[in-house]
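Chemist: Have a peek at query22.pdb (PDB, C-alpha atoms).
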MODEL        1
ATOM      1  CA  MET K  14    -134.195-172.547  87.920  1.00  0.00           C
ATOM      2  CA  LYS K  15    -131.859-170.467  90.092  1.00  0.00           C
ATOM      3  CA  THR K  16    -130.041-167.603  88.502  1.00  0.00           C
ATOM      4  CA  PHE K  17    -126.524-166.486  89.349  1.00  0.00           C
ATOM      5  CA  LYS K  18    -128.040-163.512  91.185  1.00  0.00           C
ATOM      6  CA  ASP K  19    -130.154-165.892  93.289  1.00  0.00           C
ATOM      7  CA  ILE K  20    -127.046-167.854  94.252  1.00  0.00           C
ATOM      8  CA  ILE K  21    -125.132-164.694  95.186  1.00  0.00           C
ATOM      9  CA  HIS K  22    -128.078-163.496  97.301  1.00  0.00           C
ATOM     10  CA  GLU K  23    -128.070-166.829  99.165  1.00  0.00           C
ATOM     11  CA  ASP K  24    -124.306-166.530  99.726  1.00  0.00           C
ATOM     12  CA  VAL K  25    -124.869-163.360 101.747  1.00  0.00           C
ATOM     13  CA  LYS K  26    -125.908-165.436 104.768  1.00  0.00           C
ATOM     14  CA  THR K  27    -124.354-168.809 103.958  1.00  0.00           C
ATOM     15  CA  ALA K  28    -120.849-167.450 103.352  1.00  0.00           C
ATOM     16  CA  PHE K  29    -120.189-163.737 103.754  1.00  0.00           C
ATOM     17  CA  LEU K  30    -122.251-163.145 106.929  1.00  0.00           C
ATOM     18  CA  ASN K  31    -121.882-166.699 108.236  1.00  0.00           C
ATOM     19  CA  LEU K  32    -120.568-166.440 111.803  1.00  0.00           C
ATOM     20  CA  THR K  33    -118.072-169.259 111.194  1.00  0.00           C
ATOM     21  CA  GLU K  34    -116.741-167.590 108.036  1.00  0.00           C
ATOM     22  CA  PHE K  35    -116.554-163.777 107.756  1.00  0.00           C
ATOM     23  CA  GLY K  36    -119.497-162.503 109.775  1.00  0.00           C
ATOM     24  CA  GLU K  37    -119.495-161.429 113.408  1.00  0.00           C
ATOM     25  CA  LEU K  38    -122.318-160.439 115.717  1.00  0.00           C
ATOM     26  CA  HIS K  39    -122.493-156.678 116.190  1.00  0.00           C
ATOM     27  CA  ASP K  40    -124.835-154.549 118.263  1.00  0.00           C
ATOM     28  CA  ILE K  41    -126.563-152.367 115.676  1.00  0.00           C
ATOM     29  CA  ASN K  42    -129.051-149.909 117.138  1.00  0.00           C
ATOM     30  CA  GLY K  43    -129.536-152.234 120.111  1.00  0.00           C
ATOM     31  CA  VAL K  44    -130.012-155.452 118.113  1.00  0.00           C
ATOM     32  CA  GLN K  45    -127.429-158.227 117.712  1.00  0.00           C
ATOM     33  CA  LEU K  46    -127.033-158.889 113.971  1.00  0.00           C
ATOM     34  CA  PRO K  47    -124.455-160.692 111.812  1.00  0.00           C
ATOM     35  CA  ALA K  48    -122.391-158.167 109.895  1.00  0.00           C
ATOM     36  CA  VAL K  49    -118.921-157.418 108.583  1.00  0.00           C
ATOM     37  CA  VAL K  50    -117.184-154.212 109.636  1.00  0.00           C
ATOM     38  CA  ASP K  51    -114.316-152.775 107.606  1.00  0.00           C
ATOM     39  CA  ASP K  52    -112.519-150.218 109.734  1.00  0.00           C
ATOM     40  CA  ASP K  53    -109.614-149.601 107.345  1.00  0.00           C
ATOM     41  CA  LEU K  54    -111.454-146.980 105.288  1.00  0.00           C
ATOM     42  CA  LEU K  55    -110.632-143.748 107.038  1.00  0.00           C
ATOM     43  CA  ASP K  56    -108.377-143.405 109.997  1.00  0.00           C
ATOM     44  CA  GLY K  57    -106.674-140.523 111.638  1.00  0.00           C
ATOM     45  CA  GLU K  58    -105.727-137.479 109.648  1.00  0.00           C
ATOM     46  CA  VAL K  59    -107.274-138.070 106.223  1.00  0.00           C
ATOM     47  CA  SER K  60    -109.779-135.557 104.934  1.00  0.00           C
ATOM     48  CA  ILE K  61    -113.362-136.605 104.275  1.00  0.00           C
ATOM     49  CA  SER K  62    -116.302-135.326 102.317  1.00  0.00           C
ATOM     50  CA  TYR K  63    -119.829-135.237 103.714  1.00  0.00           C
ATOM     51  CA  HIS K  64    -122.674-134.439 101.332  1.00  0.00           C
ATOM     52  CA  GLY K  65    -120.109-133.029  98.927  1.00  0.00           C
ATOM     53  CA  GLN K  66    -118.645-130.627 101.497  1.00  0.00           C
ATOM     54  CA  SER K  67    -115.191-131.020 102.995  1.00  0.00           C
ATOM     55  CA  ALA K  68    -115.347-131.745 106.698  1.00  0.00           C
ATOM     56  CA  GLN K  69    -113.274-129.489 108.921  1.00  0.00           C
ATOM     57  CA  ARG K  70    -111.765-130.842 112.106  1.00  0.00           C
ATOM     58  CA  ALA K  71    -110.907-128.948 115.235  1.00  0.00           C
ATOM     59  CA  GLY K  72    -107.519-129.644 116.801  1.00  0.00           C
ATOM     60  CA  GLY K  73    -107.326-132.787 118.926  1.00  0.00           C
ATOM     61  CA  LEU K  74    -110.290-134.470 117.284  1.00  0.00           C
ATOM     62  CA  TYR K  75    -110.195-137.917 115.743  1.00  0.00           C
ATOM     63  CA  SER K  76    -112.072-138.328 112.516  1.00  0.00           C
ATOM     64  CA  GLY K  77    -112.567-141.722 110.958  1.00  0.00           C
ATOM     65  CA  GLY K  78    -114.925-143.897 109.049  1.00  0.00           C
ATOM     66  CA  ILE K  79    -115.900-147.501 108.627  1.00  0.00           C
ATOM     67  CA  ALA K  80    -118.000-149.571 106.277  1.00  0.00           C
ATOM     68  CA  LEU K  81    -120.726-151.833 107.609  1.00  0.00           C
ATOM     69  CA  TYR K  82    -121.883-154.734 105.434  1.00  0.00           C
ATOM     70  CA  ILE K  83    -125.241-156.215 106.411  1.00  0.00           C
ATOM     71  CA  SER K  84    -128.032-158.253 104.825  1.00  0.00           C
ATOM     72  CA  THR K  85    -130.957-156.315 103.391  1.00  0.00           C
ATOM     73  CA  ASP K  86    -133.141-159.034 104.956  1.00  0.00           C
ATOM     74  CA  ASP K  87    -131.856-158.186 108.459  1.00  0.00           C
ATOM     75  CA  PHE K  88    -131.741-154.405 108.393  1.00  0.00           C
ATOM     76  CA  GLY K  89    -133.783-151.608 106.863  1.00  0.00           C
ATOM     77  CA  LYS K  90    -132.041-149.140 104.569  1.00  0.00           C
ATOM     78  CA  PRO K  91    -130.868-146.172 106.658  1.00  0.00           C
ATOM     79  CA  LYS K  92    -131.038-142.632 105.315  1.00  0.00           C
ATOM     80  CA  VAL K  93    -127.908-140.610 104.701  1.00  0.00           C
ATOM     81  CA  GLY K  94    -127.349-138.131 107.530  1.00  0.00           C
ATOM     82  CA  THR K  95    -129.050-140.236 110.209  1.00  0.00           C
ATOM     83  CA  MET K  96    -127.278-141.609 113.246  1.00  0.00           C
ATOM     84  CA  LEU K  97    -126.495-145.307 113.659  1.00  0.00           C
ATOM     85  CA  LYS K  98    -125.222-146.907 116.848  1.00  0.00           C
ATOM     86  CA  LEU K  99    -122.682-149.682 116.245  1.00  0.00           C
ATOM     87  CA  ASP K 100    -121.194-151.599 119.164  1.00  0.00           C
ATOM     88  CA  GLY K 101    -121.855-148.732 121.561  1.00  0.00           C
ATOM     89  CA  LYS K 102    -120.459-145.957 119.336  1.00  0.00           C
ATOM     90  CA  THR K 103    -122.607-143.470 117.448  1.00  0.00           C
ATOM     91  CA  TYR K 104    -121.856-142.811 113.780  1.00  0.00           C
ATOM     92  CA  THR K 105    -123.371-140.689 111.030  1.00  0.00           C
ATOM     93  CA  VAL K 106    -124.520-142.525 107.892  1.00  0.00           C
ATOM     94  CA  VAL K 107    -122.504-140.998 105.033  1.00  0.00           C
ATOM     95  CA  SER K 108    -123.651-143.236 102.171  1.00  0.00           C
ATOM     96  CA  VAL K 109    -125.627-146.408 101.549  1.00  0.00           C
ATOM     97  CA  SER K 110    -125.401-148.721  98.567  1.00  0.00           C
ATOM     98  CA  GLU K 111    -127.259-151.960  97.910  1.00  0.00           C
ATOM     99  CA  GLN K 112    -126.070-154.883  95.848  1.00  0.00           C
ATOM    100  CA  ASP K 113    -127.072-158.536  95.690  1.00  0.00           C
ATOM    101  CA  GLY K 114    -128.894-158.601  99.018  1.00  0.00           C
ATOM    102  CA  MET K 115    -126.401-156.561 101.029  1.00  0.00           C
ATOM    103  CA  TYR K 116    -126.086-152.991 102.149  1.00  0.00           C
ATOM    104  CA  LYS K 117    -122.717-151.298 102.326  1.00  0.00           C
ATOM    105  CA  ILE K 118    -123.200-148.506 104.833  1.00  0.00           C
ATOM    106  CA  ASP K 119    -120.384-145.979 105.102  1.00  0.00           C
ATOM    107  CA  LEU K 120    -120.248-144.486 108.583  1.00  0.00           C
ATOM    108  CA  HIS K 121    -118.342-141.531 109.973  1.00  0.00           C
ATOM    109  CA  LYS K 122    -117.448-140.657 113.554  1.00  0.00           C
ATOM    110  CA  THR K 123    -115.790-137.581 114.972  1.00  0.00           C
ATOM    111  CA  GLY K 124    -114.713-137.383 118.588  1.00  0.00           C
ATOM    112  CA  GLY K 125    -111.841-137.073 121.024  1.00  0.00           C
ATOM    113  CA  ARG K 126    -108.939-139.494 120.707  1.00  0.00           C
TER     114      ARG K 126
ENDMDL
END
Now that the file is in, can you turn its structure into structure tokens?
Modeler:
Amino acid sequence: MKTFKDIIHEDVKTAFLNLTEFGELHDINGVQLPAVVDDDLLDGEVSISYHGQSAQRAGGLYSGGIALYISTDDFGKPKVGTMLKLDGKTYTVVSVSEQDGMYKIDLHKTGGR
């Protein structure tokens, strides 16, 4: 008998990461994988925290963050502080959480505007 957790885990690919629903193909470390990217997390001039320390920005730098949602079946759990390449841009992994067959990977990028 399937549990509610089993059904939610199946929904990761059949609904949330389904390319005709929410998911889109993204180049993640050189591999095309279905994922959802939320780029509304940090944008522009907000302050961020990295490993509990406030990040300082030099003038003229853009600092922003995104969340990457991906199936635990498709992608290994990255370590905080490592680099991840998403669609040609390099980000630092700020945090990783796992729930019901998905990773939420918070990424941070600093660079020129």
Chemist: Check what the PyMOL selection byres ((chain K and resi 50) around 8) selects in the file above and give those residues as JSON, numbers by chain.
Modeler: {"K": [48, 49, 51, 52, 79, 80, 81, 82]}
Chemist: Need to verify the contact set: range 24-38 of chain K, 12 Å, all atoms listed in the file, exclusion of same-chain residues closer than 5 positions in sequence. Can you return it as a list in words?
Modeler: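 Contacts, with the query itself left out: Phe17, Lys18, Asp19, Gly43, Val44, Gln45, Leu46, Pro47, Ala48, Val49, Val50, Asp51, Leu81, Tyr82, Ile83, Ser84, Thr85, Asp86, Asp87, Leu99, Asp100, Gln112, Asp113, Gly114, Met115 and Tyr116 of chain K.
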Chemist: Between CA of Ile118 in chain K and CA of Pro91 in chain K, what distance in Å does the model show, to one decimal?
Modeler: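 Taking CA of Ile118 in chain K as the start and CA of Pro91 in chain K as the end point, the length is 8.2 Å.
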Chemist: Quick one: which residues end up in the PyMOL selection byres ((chain K and resi 107) around 9) for this structure, as a PyMOL selection string?
Modeler: chain K and resi 62-64+92-95+104-106+108-109+118-121
Chemist: Report, in Å with one decimal, the straight-line distance from CA of Glu111 in chain K to CA of Met14 in chain K.
Modeler: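 CA of Met14 in chain K lies 23.9 Å from CA of Glu111 in chain K.
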Chemist: Could you tell me how far CA of His22 in chain K sits from CA of Lys102 in chain K, in Å to one decimal place?
Modeler: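 Interatomic distance here is 29.2 Å.
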Chemist: Closest to Met96 in chain K among K:Lys122, K:Glu23, K:Lys117, K:Asp53, using all atoms listed in the file?
Modeler: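 Among K:Lys122, K:Glu23, K:Lys117, K:Asp53, it is K:Lys122 that comes nearest to Met96 in chain K.
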